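Raw target.pdb, PDB, C-alpha atoms:
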ATOM      1  CA  MET A  26     -37.383 -21.895 -36.007
ATOM      2  CA  ILE A  27     -34.194 -20.517 -37.508
ATOM      3  CA  LEU A  28     -34.160 -17.649 -34.962
ATOM      4  CA  HIS A  29     -34.037 -19.956 -31.948
ATOM      5  CA  PRO A  30     -30.864 -19.001 -29.993
ATOM      6  CA  ALA A  31     -29.477 -22.549 -29.892
ATOM      7  CA  VAL A  32     -30.181 -23.025 -33.608
ATOM      8  CA  LEU A  33     -28.377 -19.789 -34.406
ATOM      9  CA  ALA A  34     -25.438 -20.854 -32.242
ATOM     10  CA  LEU A  35     -25.193 -24.157 -34.082
ATOM     11  CA  LEU A  36     -25.443 -22.618 -37.541
ATOM     12  CA  ILE A  37     -22.995 -19.783 -36.846
ATOM     13  CA  GLY A  38     -20.572 -22.078 -35.031
ATOM     14  CA  SER A  39     -20.660 -24.680 -37.798
ATOM     15  CA  SER A  40     -20.153 -22.021 -40.453
ATOM     16  CA  LEU A  41     -17.127 -20.602 -38.655
ATOM     17  CA  THR A  42     -15.743 -24.096 -38.128
ATOM     18  CA  GLY A  43     -16.165 -24.830 -41.834
ATOM     19  CA  LEU A  44     -14.347 -21.623 -42.815
ATOM     20  CA  MET A  45     -11.499 -22.392 -40.395
ATOM     21  CA  LEU A  46     -11.177 -25.882 -41.824
ATOM     22  CA  LEU A  47     -11.061 -24.565 -45.395
ATOM     23  CA  TYR A  48      -8.308 -22.143 -44.380
ATOM     24  CA  ALA A  49      -6.412 -24.950 -42.644
ATOM     25  CA  VAL A  50      -6.859 -27.372 -45.539
ATOM     26  CA  TRP A  51      -5.422 -24.832 -47.981
ATOM     27  CA  TYR A  52      -2.169 -24.767 -46.009
ATOM     28  CA  GLY A  53      -2.470 -28.427 -45.090
ATOM     29  CA  ILE A  54      -2.232 -29.415 -48.750
ATOM     30  CA  ARG A  55       0.959 -27.367 -49.081
ATOM     31  CA  ILE A  56       2.374 -28.893 -45.901
ATOM     32  CA  VAL A  57       1.684 -32.449 -47.039
ATOM     33  CA  ALA A  58       3.229 -31.753 -50.457
ATOM     34  CA  ARG A  59       6.155 -29.467 -49.604
ATOM     35  CA  TRP A  60       7.097 -29.968 -45.946
ATOM     36  CA  ASP A  61      10.792 -30.708 -45.402
ATOM     37  CA  ILE A  62      12.112 -30.192 -41.894
ATOM     38  CA  LYS A  63      15.715 -30.391 -43.155
ATOM     39  CA  SER A  64      15.217 -27.477 -45.523
ATOM     40  CA  GLY A  65      15.981 -23.877 -44.611
ATOM     41  CA  SER A  66      14.053 -22.394 -47.513
ATOM     42  CA  GLU A  67      11.740 -19.425 -47.190
ATOM     43  CA  LEU A  68       8.758 -21.665 -47.973
ATOM     44  CA  GLN A  69       9.662 -24.100 -45.195
ATOM     45  CA  LEU A  70      10.165 -21.334 -42.646
ATOM     46  CA  GLY A  71       6.817 -19.839 -43.607
ATOM     47  CA  LEU A  72       5.063 -23.190 -43.215
ATOM     48  CA  GLU A  73       6.668 -23.728 -39.811
ATOM     49  CA  LYS A  74       5.404 -20.364 -38.585
ATOM     50  CA  ARG A  75       1.970 -20.901 -40.095
ATOM     51  CA  THR A  76       1.464 -24.332 -38.540
ATOM     52  CA  TYR A  77       1.387 -22.872 -35.003
ATOM     53  CA  LEU A  78      -1.473 -20.551 -35.943
ATOM     54  CA  ILE A  79      -3.362 -23.285 -37.800
ATOM     55  CA  SER A  80      -3.024 -25.779 -34.939
ATOM     56  CA  THR A  81      -4.380 -23.206 -32.475
ATOM     57  CA  ILE A  82      -7.308 -22.325 -34.743
ATOM     58  CA  LEU A  83      -8.144 -25.975 -35.337
ATOM     59  CA  SER A  84      -7.983 -26.814 -31.641
ATOM     60  CA  TYR A  85     -10.777 -24.325 -30.952
ATOM     61  CA  ALA A  86     -12.732 -25.258 -34.091
ATOM     62  CA  LEU A  87     -12.686 -28.985 -33.397
ATOM     63  CA  ALA A  88     -13.383 -28.427 -29.701
ATOM     64  CA  PHE A  89     -16.606 -26.722 -30.819
ATOM     65  CA  GLN A  90     -17.211 -29.695 -33.100
ATOM     66  CA  LEU A  91     -17.186 -31.931 -30.012
ATOM     67  CA  LEU A  92     -19.537 -29.662 -28.079
ATOM     68  CA  SER A  93     -21.874 -29.194 -31.033
ATOM     69  CA  LEU A  94     -23.039 -32.798 -30.828
ATOM     70  CA  PHE A  95     -24.474 -32.271 -27.353
ATOM     71  CA  LEU A  96     -25.798 -28.805 -28.234
ATOM     72  CA  PHE A  97     -27.560 -30.301 -31.246
ATOM     73  CA  ILE A  98     -29.168 -33.088 -29.217
ATOM     74  CA  TYR A  99     -30.198 -30.592 -26.515
ATOM     75  CA  THR A 100     -31.681 -28.267 -29.163
ATOM     76  CA  ALA A 101     -33.594 -31.084 -30.846
ATOM     77  CA  ASP A 102     -35.024 -32.073 -27.476
ATOM     78  CA  GLN A 103     -36.040 -28.501 -26.644
ATOM     79  CA  LEU A 104     -37.782 -28.037 -30.001
ATOM     80  CA  HIS A 105     -39.993 -31.128 -29.679
ATOM     81  CA  THR A 106     -42.807 -29.093 -28.096
ATOM     82  CA  LEU A 107     -43.266 -27.234 -31.397
ATOM     83  CA  PHE A 108     -44.236 -30.322 -33.388
ATOM     84  CA  SER A 109     -47.405 -32.375 -33.160
ATOM     85  CA  GLY A 110     -46.651 -35.965 -32.234
ATOM     86  CA  ALA A 111     -43.135 -35.377 -30.926
ATOM     87  CA  MET A 112     -42.357 -36.316 -27.308
ATOM     88  CA  CYS A 113     -38.586 -35.789 -27.389
ATOM     89  CA  ALA A 114     -35.653 -35.294 -29.767
ATOM     90  CA  ALA A 115     -36.622 -38.509 -31.593
ATOM     91  CA  GLY A 116     -39.709 -36.824 -33.039
ATOM     92  CA  THR A 117     -37.884 -33.581 -33.850
ATOM     93  CA  LEU A 118     -35.194 -35.451 -35.787
ATOM     94  CA  ASN A 119     -37.920 -37.219 -37.745
ATOM     95  CA  VAL A 120     -39.573 -33.989 -38.952
ATOM     96  CA  ASN A 121     -37.598 -34.131 -42.197
ATOM     97  CA  SER A 122     -35.203 -36.499 -43.944
ATOM     98  CA  PHE A 123     -32.035 -34.691 -42.776
ATOM     99  CA  GLY A 124     -32.453 -35.196 -39.003
ATOM    100  CA  TYR A 125     -31.075 -38.671 -38.401
ATOM    101  CA  PRO A 126     -28.367 -38.529 -41.132
ATOM    102  CA  LEU A 127     -27.209 -35.277 -39.494
ATOM    103  CA  LEU A 128     -27.060 -36.952 -36.078
ATOM    104  CA  ILE A 129     -24.987 -39.823 -37.506
ATOM    105  CA  MET A 130     -22.642 -37.341 -39.208
ATOM    106  CA  LYS A 131     -22.186 -35.473 -35.940
ATOM    107  CA  ILE A 132     -21.283 -38.664 -34.058
ATOM    108  CA  VAL A 133     -18.784 -39.713 -36.740
ATOM    109  CA  ASN A 134     -17.220 -36.249 -36.816
ATOM    110  CA  PHE A 135     -17.115 -36.202 -33.005
ATOM    111  CA  LEU A 136     -14.924 -39.320 -33.045
ATOM    112  CA  LEU A 137     -12.743 -38.008 -35.899
ATOM    113  CA  ALA A 138     -12.339 -34.574 -34.296
ATOM    114  CA  GLY A 139     -11.326 -36.193 -31.026
ATOM    115  CA  LEU A 140      -8.816 -38.370 -32.876
ATOM    116  CA  TRP A 141      -7.282 -35.346 -34.642
ATOM    117  CA  LEU A 142      -6.959 -33.452 -31.355
ATOM    118  CA  ILE A 143      -5.144 -36.432 -29.822
ATOM    119  CA  ILE A 144      -2.685 -36.681 -32.727
ATOM    120  CA  ASN A 145      -2.171 -32.917 -32.693
ATOM    121  CA  HIS A 146      -1.507 -32.998 -28.953
ATOM    122  CA  ALA A 147       1.147 -35.681 -29.490
ATOM    123  CA  ASP A 148       2.722 -33.739 -32.366
ATOM    124  CA  THR A 149       3.030 -30.533 -30.344
ATOM    125  CA  ARG A 150       5.006 -32.448 -27.703
ATOM    126  CA  GLY A 151       7.693 -33.346 -30.236
ATOM    127  CA  TYR A 152      10.545 -31.043 -31.200
ATOM    128  CA  ASP A 153      10.867 -32.233 -34.812
ATOM    129  CA  TYR A 154       7.236 -32.033 -36.087
ATOM    130  CA  PRO A 155       7.152 -35.826 -36.493
ATOM    131  CA  LEU A 156       3.411 -36.114 -37.165
ATOM    132  CA  ILE A 157       2.890 -32.917 -39.137
ATOM    133  CA  LYS A 158       2.113 -34.578 -42.478
ATOM    134  CA  ILE A 159      -0.005 -37.289 -40.871
ATOM    135  CA  LYS A 160      -2.231 -34.899 -38.948
ATOM    136  CA  TYR A 161      -2.770 -32.628 -41.942
ATOM    137  CA  ALA A 162      -3.528 -35.568 -44.206
ATOM    138  CA  LEU A 163      -6.127 -36.631 -41.635
ATOM    139  CA  LEU A 164      -7.473 -33.080 -41.541
ATOM    140  CA  ILE A 165      -7.864 -33.061 -45.332
ATOM    141  CA  ALA A 166      -9.914 -36.268 -45.007
ATOM    142  CA  ILE A 167     -12.050 -34.892 -42.145
ATOM    143  CA  ALA A 168     -12.825 -31.501 -43.683
ATOM    144  CA  PRO A 169     -15.297 -32.722 -46.374
ATOM    145  CA  LEU A 170     -17.247 -34.643 -43.725
ATOM    146  CA  VAL A 171     -17.515 -31.574 -41.493
ATOM    147  CA  LEU A 172     -18.582 -29.429 -44.454
ATOM    148  CA  LEU A 173     -21.156 -32.061 -45.424
ATOM    149  CA  GLU A 174     -22.453 -32.020 -41.858
ATOM    150  CA  THR A 175     -22.739 -28.222 -42.030
ATOM    151  CA  GLY A 176     -24.778 -28.517 -45.212
ATOM    152  CA  PHE A 177     -27.032 -31.147 -43.644
ATOM    153  CA  GLN A 178     -27.500 -28.921 -40.608
ATOM    154  CA  PHE A 179     -28.622 -25.919 -42.648
ATOM    155  CA  ALA A 180     -30.963 -28.143 -44.690
ATOM    156  CA  TYR A 181     -32.385 -29.685 -41.520
ATOM    157  CA  PHE A 182     -33.102 -26.469 -39.634
ATOM    158  CA  LEU A 183     -34.348 -24.628 -42.713
ATOM    159  CA  GLY A 184     -36.693 -27.549 -43.358
ATOM    160  CA  LEU A 185     -38.339 -27.454 -39.930
ATOM    161  CA  HIS A 186     -41.984 -26.401 -40.182
ATOM    162  CA  ALA A 187     -44.355 -26.318 -37.226
ATOM    163  CA  ASP A 188     -47.310 -27.614 -39.277
ATOM    164  CA  VAL A 189     -45.616 -31.001 -39.792
ATOM    165  CA  ILE A 190     -47.015 -33.962 -37.833
ATOM    166  CA  THR A 191     -44.154 -36.221 -36.815
ATOM    167  CA  SER A 192     -43.869 -39.635 -35.139
ATOM    168  CA  CYS A 193     -43.370 -40.124 -31.424
ATOM    169  CA  CYS A 194     -40.420 -42.073 -30.037
ATOM    170  CA  GLY A 195     -42.754 -44.902 -29.008
ATOM    171  CA  SER A 196     -43.479 -45.706 -32.632
ATOM    172  CA  LEU A 197     -39.979 -44.970 -33.943
ATOM    173  CA  PHE A 198     -38.295 -47.364 -31.491
ATOM    174  CA  SER A 199     -40.894 -50.099 -31.309
ATOM    175  CA  LEU A 200     -40.543 -53.822 -31.918
ATOM    176  CA  ASP A 201     -42.958 -53.603 -34.848
ATOM    177  CA  ARG A 202     -41.005 -50.825 -36.561
ATOM    178  CA  PRO A 203     -39.192 -52.080 -39.686
ATOM    179  CA  GLY A 204     -35.563 -51.039 -39.931
ATOM    180  CA  ILE A 205     -32.530 -50.730 -37.674
ATOM    181  CA  ALA A 206     -34.349 -49.063 -34.742
ATOM    182  CA  GLY A 207     -36.908 -51.875 -34.560
ATOM    183  CA  ASP A 208     -34.214 -54.544 -34.899
ATOM    184  CA  LEU A 209     -32.184 -53.053 -32.035
ATOM    185  CA  ALA A 210     -35.267 -52.721 -29.841
ATOM    186  CA  GLY A 211     -36.071 -56.372 -30.496
ATOM    187  CA  LEU A 212     -32.750 -57.761 -29.258
ATOM    188  CA  PRO A 213     -33.195 -60.009 -26.172
ATOM    189  CA  PRO A 214     -32.359 -58.049 -22.989
ATOM    190  CA  VAL A 215     -30.704 -60.791 -20.895
ATOM    191  CA  PRO A 216     -28.111 -61.869 -23.502
ATOM    192  CA  MET A 217     -27.395 -58.202 -24.217
ATOM    193  CA  GLU A 218     -26.790 -57.555 -20.518
ATOM    194  CA  ALA A 219     -24.299 -60.415 -20.436
ATOM    195  CA  LEU A 220     -22.609 -59.144 -23.606
ATOM    196  CA  LEU A 221     -22.318 -55.618 -22.205
ATOM    197  CA  TYR A 222     -20.632 -56.721 -18.989
ATOM    198  CA  ALA A 223     -18.416 -59.167 -20.890
ATOM    199  CA  GLY A 224     -17.318 -56.343 -23.202
ATOM    200  CA  MET A 225     -16.526 -54.077 -20.271
ATOM    201  CA  ALA A 226     -14.558 -56.850 -18.554
ATOM    202  CA  ALA A 227     -12.607 -57.598 -21.746
ATOM    203  CA  THR A 228     -11.816 -53.897 -22.201
ATOM    204  CA  ALA A 229     -10.610 -53.633 -18.594
ATOM    205  CA  CYS A 230      -8.371 -56.707 -18.964
ATOM    206  CA  ALA A 231      -6.901 -55.522 -22.273
ATOM    207  CA  GLY A 232      -6.404 -52.005 -20.898
ATOM    208  CA  LEU A 233      -4.684 -53.150 -17.695
ATOM    209  CA  TYR A 234      -2.439 -55.487 -19.698
ATOM    210  CA  PHE A 235      -1.436 -52.635 -21.996
ATOM    211  CA  GLN A 236      -0.826 -50.369 -18.993
ATOM    212  CA  GLN A 237       1.447 -52.912 -17.333
ATOM    213  CA  LYS A 238       3.272 -54.433 -20.309
ATOM    214  CA  GLY A 239       3.135 -51.680 -22.932
ATOM    215  CA  ARG A 240       2.006 -54.271 -25.484
ATOM    216  CA  GLY A 241      -1.369 -55.045 -27.022
ATOM    217  CA  GLY A 242      -2.308 -51.509 -28.052
ATOM    218  CA  TYR A 243      -4.185 -52.645 -31.135
ATOM    219  CA  LEU A 244      -5.975 -55.331 -29.140
ATOM    220  CA  PHE A 245      -7.087 -52.862 -26.487
ATOM    221  CA  SER A 246      -8.269 -50.321 -29.073
ATOM    222  CA  THR A 247     -10.220 -52.963 -31.011
ATOM    223  CA  VAL A 248     -11.881 -54.400 -27.907
ATOM    224  CA  SER A 249     -12.670 -50.895 -26.683
ATOM    225  CA  PHE A 250     -14.327 -49.965 -29.983
ATOM    226  CA  LEU A 251     -16.370 -53.182 -30.073
ATOM    227  CA  THR A 252     -17.502 -52.468 -26.518
ATOM    228  CA  PHE A 253     -18.479 -48.953 -27.621
ATOM    229  CA  ILE A 254     -20.750 -50.484 -30.281
ATOM    230  CA  ILE A 255     -22.192 -52.932 -27.744
ATOM    231  CA  CYS A 256     -22.966 -50.048 -25.375
ATOM    232  CA  VAL A 257     -24.796 -48.099 -28.086
ATOM    233  CA  VAL A 258     -26.881 -51.157 -28.956
ATOM    234  CA  SER A 259     -27.506 -51.919 -25.279
ATOM    235  CA  LEU A 260     -28.849 -48.432 -24.649
ATOM    236  CA  ILE A 261     -31.705 -49.112 -27.050
ATOM    237  CA  SER A 262     -32.206 -52.804 -26.366
ATOM    238  CA  PHE A 263     -32.416 -52.815 -22.556
ATOM    239  CA  ILE A 264     -30.755 -49.958 -20.610
ATOM    240  CA  CYS A 265     -33.499 -47.456 -21.438
ATOM    241  CA  LEU A 266     -36.152 -49.961 -20.352
ATOM    242  CA  TYR A 267     -34.766 -50.025 -16.805
ATOM    243  CA  ILE A 268     -34.493 -46.232 -16.665
ATOM    244  CA  TYR A 269     -38.085 -45.719 -17.817
ATOM    245  CA  GLU A 270     -39.268 -48.816 -15.905
ATOM    246  CA  LEU A 271     -41.347 -49.712 -18.953
ATOM    247  CA  PRO A 272     -40.790 -52.910 -20.960
ATOM    248  CA  THR A 273     -41.722 -51.293 -24.287
ATOM    249  CA  HIS A 274     -40.051 -47.858 -24.207
ATOM    250  CA  HIS A 275     -36.715 -48.113 -26.053
ATOM    251  CA  CYS A 276     -36.159 -44.425 -26.900
ATOM    252  CA  PRO A 277     -32.533 -43.279 -26.356
ATOM    253  CA  PHE A 278     -33.550 -39.602 -26.213
ATOM    254  CA  CYS A 279     -36.124 -39.332 -23.406
ATOM    255  CA  ILE A 280     -33.329 -40.150 -20.919
ATOM    256  CA  LEU A 281     -31.987 -36.659 -21.658
ATOM    257  CA  GLN A 282     -34.996 -35.044 -20.019
ATOM    258  CA  LYS A 283     -35.420 -33.658 -16.506
ATOM    259  CA  GLU A 284     -37.823 -36.338 -15.260
ATOM    260  CA  TYR A 285     -35.042 -38.911 -15.650
ATOM    261  CA  GLY A 286     -32.406 -36.752 -14.020
ATOM    262  CA  TYR A 287     -30.680 -35.940 -17.331
ATOM    263  CA  VAL A 288     -28.946 -39.297 -16.933
ATOM    264  CA  GLY A 289     -28.638 -39.573 -20.711
ATOM    265  CA  TYR A 290     -26.010 -36.835 -20.805
ATOM    266  CA  ALA A 291     -23.865 -38.667 -18.255
ATOM    267  CA  LEU A 292     -24.171 -41.910 -20.232
ATOM    268  CA  TYR A 293     -23.367 -40.332 -23.582
ATOM    269  CA  ILE A 294     -20.474 -38.181 -22.312
ATOM    270  CA  THR A 295     -18.751 -41.097 -20.592
ATOM    271  CA  LEU A 296     -19.338 -43.415 -23.539
ATOM    272  CA  LEU A 297     -18.119 -40.985 -26.200
ATOM    273  CA  ALA A 298     -15.110 -39.833 -24.168
ATOM    274  CA  GLY A 299     -14.127 -43.441 -23.517
ATOM    275  CA  GLY A 300     -14.644 -44.310 -27.180
ATOM    276  CA  VAL A 301     -12.403 -41.478 -28.410
ATOM    277  CA  ALA A 302      -9.688 -42.394 -25.891
ATOM    278  CA  GLY A 303      -9.778 -46.041 -26.948
ATOM    279  CA  ILE A 304      -9.647 -45.240 -30.662
ATOM    280  CA  GLY A 305      -6.871 -42.712 -30.056
ATOM    281  CA  THR A 306      -4.740 -45.310 -28.265
ATOM    282  CA  GLY A 307      -4.833 -47.582 -31.294
ATOM    283  CA  ALA A 308      -4.311 -44.748 -33.789
ATOM    284  CA  LEU A 309      -1.118 -43.696 -31.995
ATOM    285  CA  GLN A 310       0.303 -47.233 -31.967
ATOM    286  CA  PRO A 311       1.960 -47.150 -35.440
ATOM    287  CA  LEU A 312       3.336 -43.656 -34.758
ATOM    288  CA  ARG A 313       5.423 -44.564 -31.707
ATOM    289  CA  ALA A 314       8.669 -44.777 -33.690
ATOM    290  CA  GLN A 315       8.240 -41.444 -35.492
ATOM    291  CA  GLY A 316      11.188 -39.275 -34.398
ATOM    292  CA  SER A 317      10.723 -37.772 -30.955
ATOM    293  CA  MET A 318       7.400 -39.596 -30.536
ATOM    294  CA  ILE A 319       9.291 -42.554 -29.087
ATOM    295  CA  CYS A 320       9.445 -40.562 -25.844
ATOM    296  CA  VAL A 321       5.976 -38.986 -26.069
ATOM    297  CA  ILE A 322       3.435 -41.478 -27.368
ATOM    298  CA  PRO A 323       3.859 -44.378 -24.881
ATOM    299  CA  ALA A 324       3.076 -42.093 -21.939
ATOM    300  CA  LEU A 325       0.192 -40.465 -23.830
ATOM    301  CA  GLN A 326      -1.240 -43.887 -24.695
ATOM    302  CA  LYS A 327      -1.206 -44.873 -21.045
ATOM    303  CA  ARG A 328      -3.106 -41.713 -20.105
ATOM    304  CA  LEU A 329      -5.645 -42.364 -22.850
ATOM    305  CA  THR A 330      -6.034 -45.967 -21.725
ATOM    306  CA  LEU A 331      -6.611 -44.825 -18.158
ATOM    307  CA  LEU A 332      -9.172 -42.271 -19.362
ATOM    308  CA  ASN A 333     -10.970 -44.976 -21.348
ATOM    309  CA  LEU A 334     -11.100 -47.310 -18.350
ATOM    310  CA  ILE A 335     -12.383 -44.557 -16.045
ATOM    311  CA  MET A 336     -15.080 -43.430 -18.498
ATOM    312  CA  TYR A 337     -16.239 -46.992 -19.188
ATOM    313  CA  LEU A 338     -16.256 -47.726 -15.460
ATOM    314  CA  LEU A 339     -18.449 -44.687 -14.808
ATOM    315  CA  PHE A 340     -20.779 -45.764 -17.619
ATOM    316  CA  THR A 341     -20.983 -49.257 -16.131
ATOM    317  CA  LEU A 342     -21.639 -47.946 -12.629
ATOM    318  CA  ILE A 343     -24.470 -45.694 -13.839
ATOM    319  CA  VAL A 344     -26.046 -48.552 -15.785
ATOM    320  CA  THR A 345     -25.639 -50.994 -12.885
ATOM    321  CA  TYR A 346     -27.195 -48.529 -10.436
ATOM    322  CA  ARG A 347     -30.192 -48.066 -12.723
ATOM    323  CA  LEU A 348     -30.592 -51.797 -13.264
ATOM    324  CA  TYR A 349     -30.331 -52.636  -9.573
ATOM    325  CA  PHE A 350     -32.715 -49.978  -8.250
ATOM    326  CA  SER A 351     -35.259 -50.149 -11.074
ATOM    327  CA  SER A 352     -38.604 -51.717 -10.251
ATOM    328  CA  LEU A 353     -38.591 -53.364 -13.705
ATOM    329  CA  ARG A 354     -37.294 -56.917 -14.029
ATOM    330  CA  LEU A 355     -36.731 -58.519 -17.412
ATOM    331  CA  GLY A 356     -36.185 -62.184 -18.203
ATOM    332  CA  GLY A 357     -37.138 -63.347 -14.723
TER
END

Can I see the file as structure tokens?
Amino acid sequence: MILHPAVLALLIGSSLTGLMLLYAVWYGIRIVARWDIKSGSELQLGLEKRTYLISTILSYALAFQLLSLFLFIYTADQLHTLFSGAMCAAGTLNVNSFGYPLLIMKIVNFLLAGLWLIINHADTRGYDYPLIKIKYALLIAIAPLVLLETGFQFAYFLGLHADVITSCCGSLFSLDRPGIAGDLAGLPPVPMEALLYAGMAATACAGLYFQQKGRGGYLFSTVSFLTFIICVVSLISFICLYIYELPTHHCPFCILQKEYGYVGYALYITLLAGGVAGIGTGALQPLRAQGSMICVIPALQKRLTLLNLIMYLLFTLIVTYRLYFSSLRLGG
């Protein structure tokens, strides 16, 4: 199992990312504690030179962190044929106790990595390093989570054994299943459809208002994040049902397979990209007055808002197409 090419890529990539983060954190602590742009000391000049190298390294490391989420899901789906009872990635993740916690860690770190890249992008556009301490303080907070994810990943893949009988997605995401998965599957489809479209409409209104007036950044970011949560819940509660055309199949992983046109990847990419853009817009809001950021952040926020609206629109169009052309009808 450990010699599977995708598994090796994940383990090696995560290890390198962890080492890069440790290197960056070592200097990040010094930057947070000793950075003084007004100083001409040897220490300050050394930190200024070092920060260019660290930012470049981290850009590549955290870009891999974004890609690793999709590589992990793809790998889990490809490995399901090796385990009795597994029909998709849902069964593979259930082989041992590290699978689903690892997936959650990867999603959280995806959002945090995207947020750091946005703040770093803004900082590099300023001439006075206005966000240098903020972005390295955020990095210091992110690093333990990424290292924890790396540990979970090694434990998960090392704990995969082909003689294990796992559960299929039909039982994991069934109405009778106790726990969060069963609760989400049991949510009524029609109210959830209305809530999804209402969330998308609210996000569009808040985003267009922010684009036009330059006010309401926190409102837009909050509404966008709530809509992100609604979309995740909706995928399990009713969207998958229309894609499978089965009223009892709530699995959010089978939609990644060929027989469904790999539509899951399109849904997850648009949703996650829109979510990061929405969160990033709000995170930049209190930083607008930081030095040269007064000329950089407003324009960047508008681009992020536009990206969020485009990604959410694409998500909505894909869902609407599947709902309209599906032979399944729920709630009359």

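For the atom pair formed by atom CA of Cys194 of chain A and atom CA of Glu270 of chain A, the distance is 15.7 Å, given to one decimal.
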
Counting only C-alpha atoms, what are the residues of segment 52-82 of chain A within 9 Å of segment 145-159 of chain A, and for each of them which pair of atoms is the nearest and at what distance in Å, to one decimal? Sort the table by chain and rising number, as CSV.
residue,atom,partner,partner_atom,distance
A:Gly53,CA,A:Lys158,CA,8.1
A:Ile56,CA,A:Lys158,CA,6.6
A:Val57,CA,A:Lys158,CA,5.1
A:Ala58,CA,A:Lys158,CA,8.5
A:Trp60,CA,A:Lys158,CA,7.6
A:Ile62,CA,A:Asp153,CA,7.5
A:Thr76,CA,A:Ile157,CA,8.7
A:Ser80,CA,A:Asn145,CA,7.5

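Once the PyMOL selection byres ((chain A and resi 171) around 9) is applied to the depicted file, the selected set reads Ser39, Thr42, Gly43, Leu46, Gln90, Met130, Lys131, Asn134, Ile167, Ala168, Pro169, Leu170, Leu172, Leu173, Glu174, Thr175 and Gly176 of chain A.
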
Which residues match the PyMOL selection byres ((chain A and resi 210) around 10) in the file above, as a PDB file with C-alpha atoms, keeping the file's coordinate frame?
ATOM      1  CA  LEU A 197     -39.979 -44.970 -33.943  1.00  0.00           C
ATOM      2  CA  PHE A 198     -38.295 -47.364 -31.491  1.00  0.00           C
ATOM      3  CA  SER A 199     -40.894 -50.099 -31.309  1.00  0.00           C
ATOM      4  CA  LEU A 200     -40.543 -53.822 -31.918  1.00  0.00           C
ATOM      5  CA  ASP A 201     -42.958 -53.603 -34.848  1.00  0.00           C
ATOM      6  CA  ARG A 202     -41.005 -50.825 -36.561  1.00  0.00           C
ATOM      7  CA  ILE A 205     -32.530 -50.730 -37.674  1.00  0.00           C
ATOM      8  CA  ALA A 206     -34.349 -49.063 -34.742  1.00  0.00           C
ATOM      9  CA  GLY A 207     -36.908 -51.875 -34.560  1.00  0.00           C
ATOM     10  CA  ASP A 208     -34.214 -54.544 -34.899  1.00  0.00           C
ATOM     11  CA  LEU A 209     -32.184 -53.053 -32.035  1.00  0.00           C
ATOM     12  CA  GLY A 211     -36.071 -56.372 -30.496  1.00  0.00           C
ATOM     13  CA  LEU A 212     -32.750 -57.761 -29.258  1.00  0.00           C
ATOM     14  CA  PRO A 213     -33.195 -60.009 -26.172  1.00  0.00           C
ATOM     15  CA  PRO A 214     -32.359 -58.049 -22.989  1.00  0.00           C
ATOM     16  CA  VAL A 258     -26.881 -51.157 -28.956  1.00  0.00           C
ATOM     17  CA  SER A 259     -27.506 -51.919 -25.279  1.00  0.00           C
ATOM     18  CA  LEU A 260     -28.849 -48.432 -24.649  1.00  0.00           C
ATOM     19  CA  ILE A 261     -31.705 -49.112 -27.050  1.00  0.00           C
ATOM     20  CA  SER A 262     -32.206 -52.804 -26.366  1.00  0.00           C
ATOM     21  CA  PHE A 263     -32.416 -52.815 -22.556  1.00  0.00           C
ATOM     22  CA  LEU A 266     -36.152 -49.961 -20.352  1.00  0.00           C
ATOM     23  CA  THR A 273     -41.722 -51.293 -24.287  1.00  0.00           C
ATOM     24  CA  HIS A 274     -40.051 -47.858 -24.207  1.00  0.00           C
ATOM     25  CA  HIS A 275     -36.715 -48.113 -26.053  1.00  0.00           C
ATOM     26  CA  CYS A 276     -36.159 -44.425 -26.900  1.00  0.00           C
TER      27      CYS A 276
END

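Note that atom CA of Val301 of chain A and atom CA of Leu233 of chain A are 17.6 Å apart.
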
Starting from the PyMOL selection byres ((chain A and resi 92) around 12), expand the selection into actual residues of this file and give them as a ChimeraX atom specification. /A:34-35,38-39,85-91,93-99,131-132,134-136,138-139,294,297-298

Can you sort out the box for segment 105-112 of chain A, edges along x, y and z, all listed atoms in, 5 Å on every side, with centre and edge lengths in Å to one decimal, as JSON?
{"center_x": -43.7, "center_y": -31.8, "center_z": -30.3, "size_x": 17.4, "size_y": 19.1, "size_z": 16.1}

What are the closest atom pairs, with distances in Å to one decimal, for each residue of segment 183-283 of chain A lying within 10 Å of segment 104-111 of chain A, using all atoms listed in the file, rows by chain and rising residue number, as a Markdown table?
| residue | atom | partner | partner_atom | distance |
| --- | --- | --- | --- | --- |
| A:Leu185 | CA | A:Phe108 | CA | 9.3 |
| A:His186 | CA | A:Phe108 | CA | 8.2 |
| A:Ala187 | CA | A:Phe108 | CA | 5.5 |
| A:Asp188 | CA | A:Phe108 | CA | 7.2 |
| A:Val189 | CA | A:Phe108 | CA | 6.6 |
| A:Ile190 | CA | A:Ser109 | CA | 5.0 |
| A:Thr191 | CA | A:Gly110 | CA | 5.2 |
| A:Ser192 | CA | A:Gly110 | CA | 5.4 |
| A:Cys193 | CA | A:Ala111 | CA | 4.8 |
| A:Cys194 | CA | A:Ala111 | CA | 7.3 |
| A:Gly195 | CA | A:Ala111 | CA | 9.7 |

Tell me, as a PyMOL selection string, which residues lie within 6 Å of segment 238-255 of chain A, counting all atoms listed in the file; anything in the same chain fewer than 3 positions away does not count. chain A and resi 224+228+231-232+234-235+258-259+303-304+307

Atom pair atom CA of Leu339 of chain A / atom CA of Ala291 of chain A: separation (Å): 8.8 Å

Name the residues within 12 Å of (-37.2, -47.2, -18.4), counting all atoms listed in the file in the file's coordinates, and put them as a PyMOL selection string. chain A and resi 260-280+284-285+288-289+344+347-348+350-355

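Using all atoms listed in the file, the shortest contact distance between Ala166 of chain A and any of A:Leu127, A:Ile54, A:Cys320, A:Cys230 is found at A:Ile54.
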
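With all atoms listed in the file as the atoms that count, the minimum distance from Gly286 of chain A to the choices A:Leu325, A:Leu309, A:Cys256, A:Ile343 is reached by A:Ile343.
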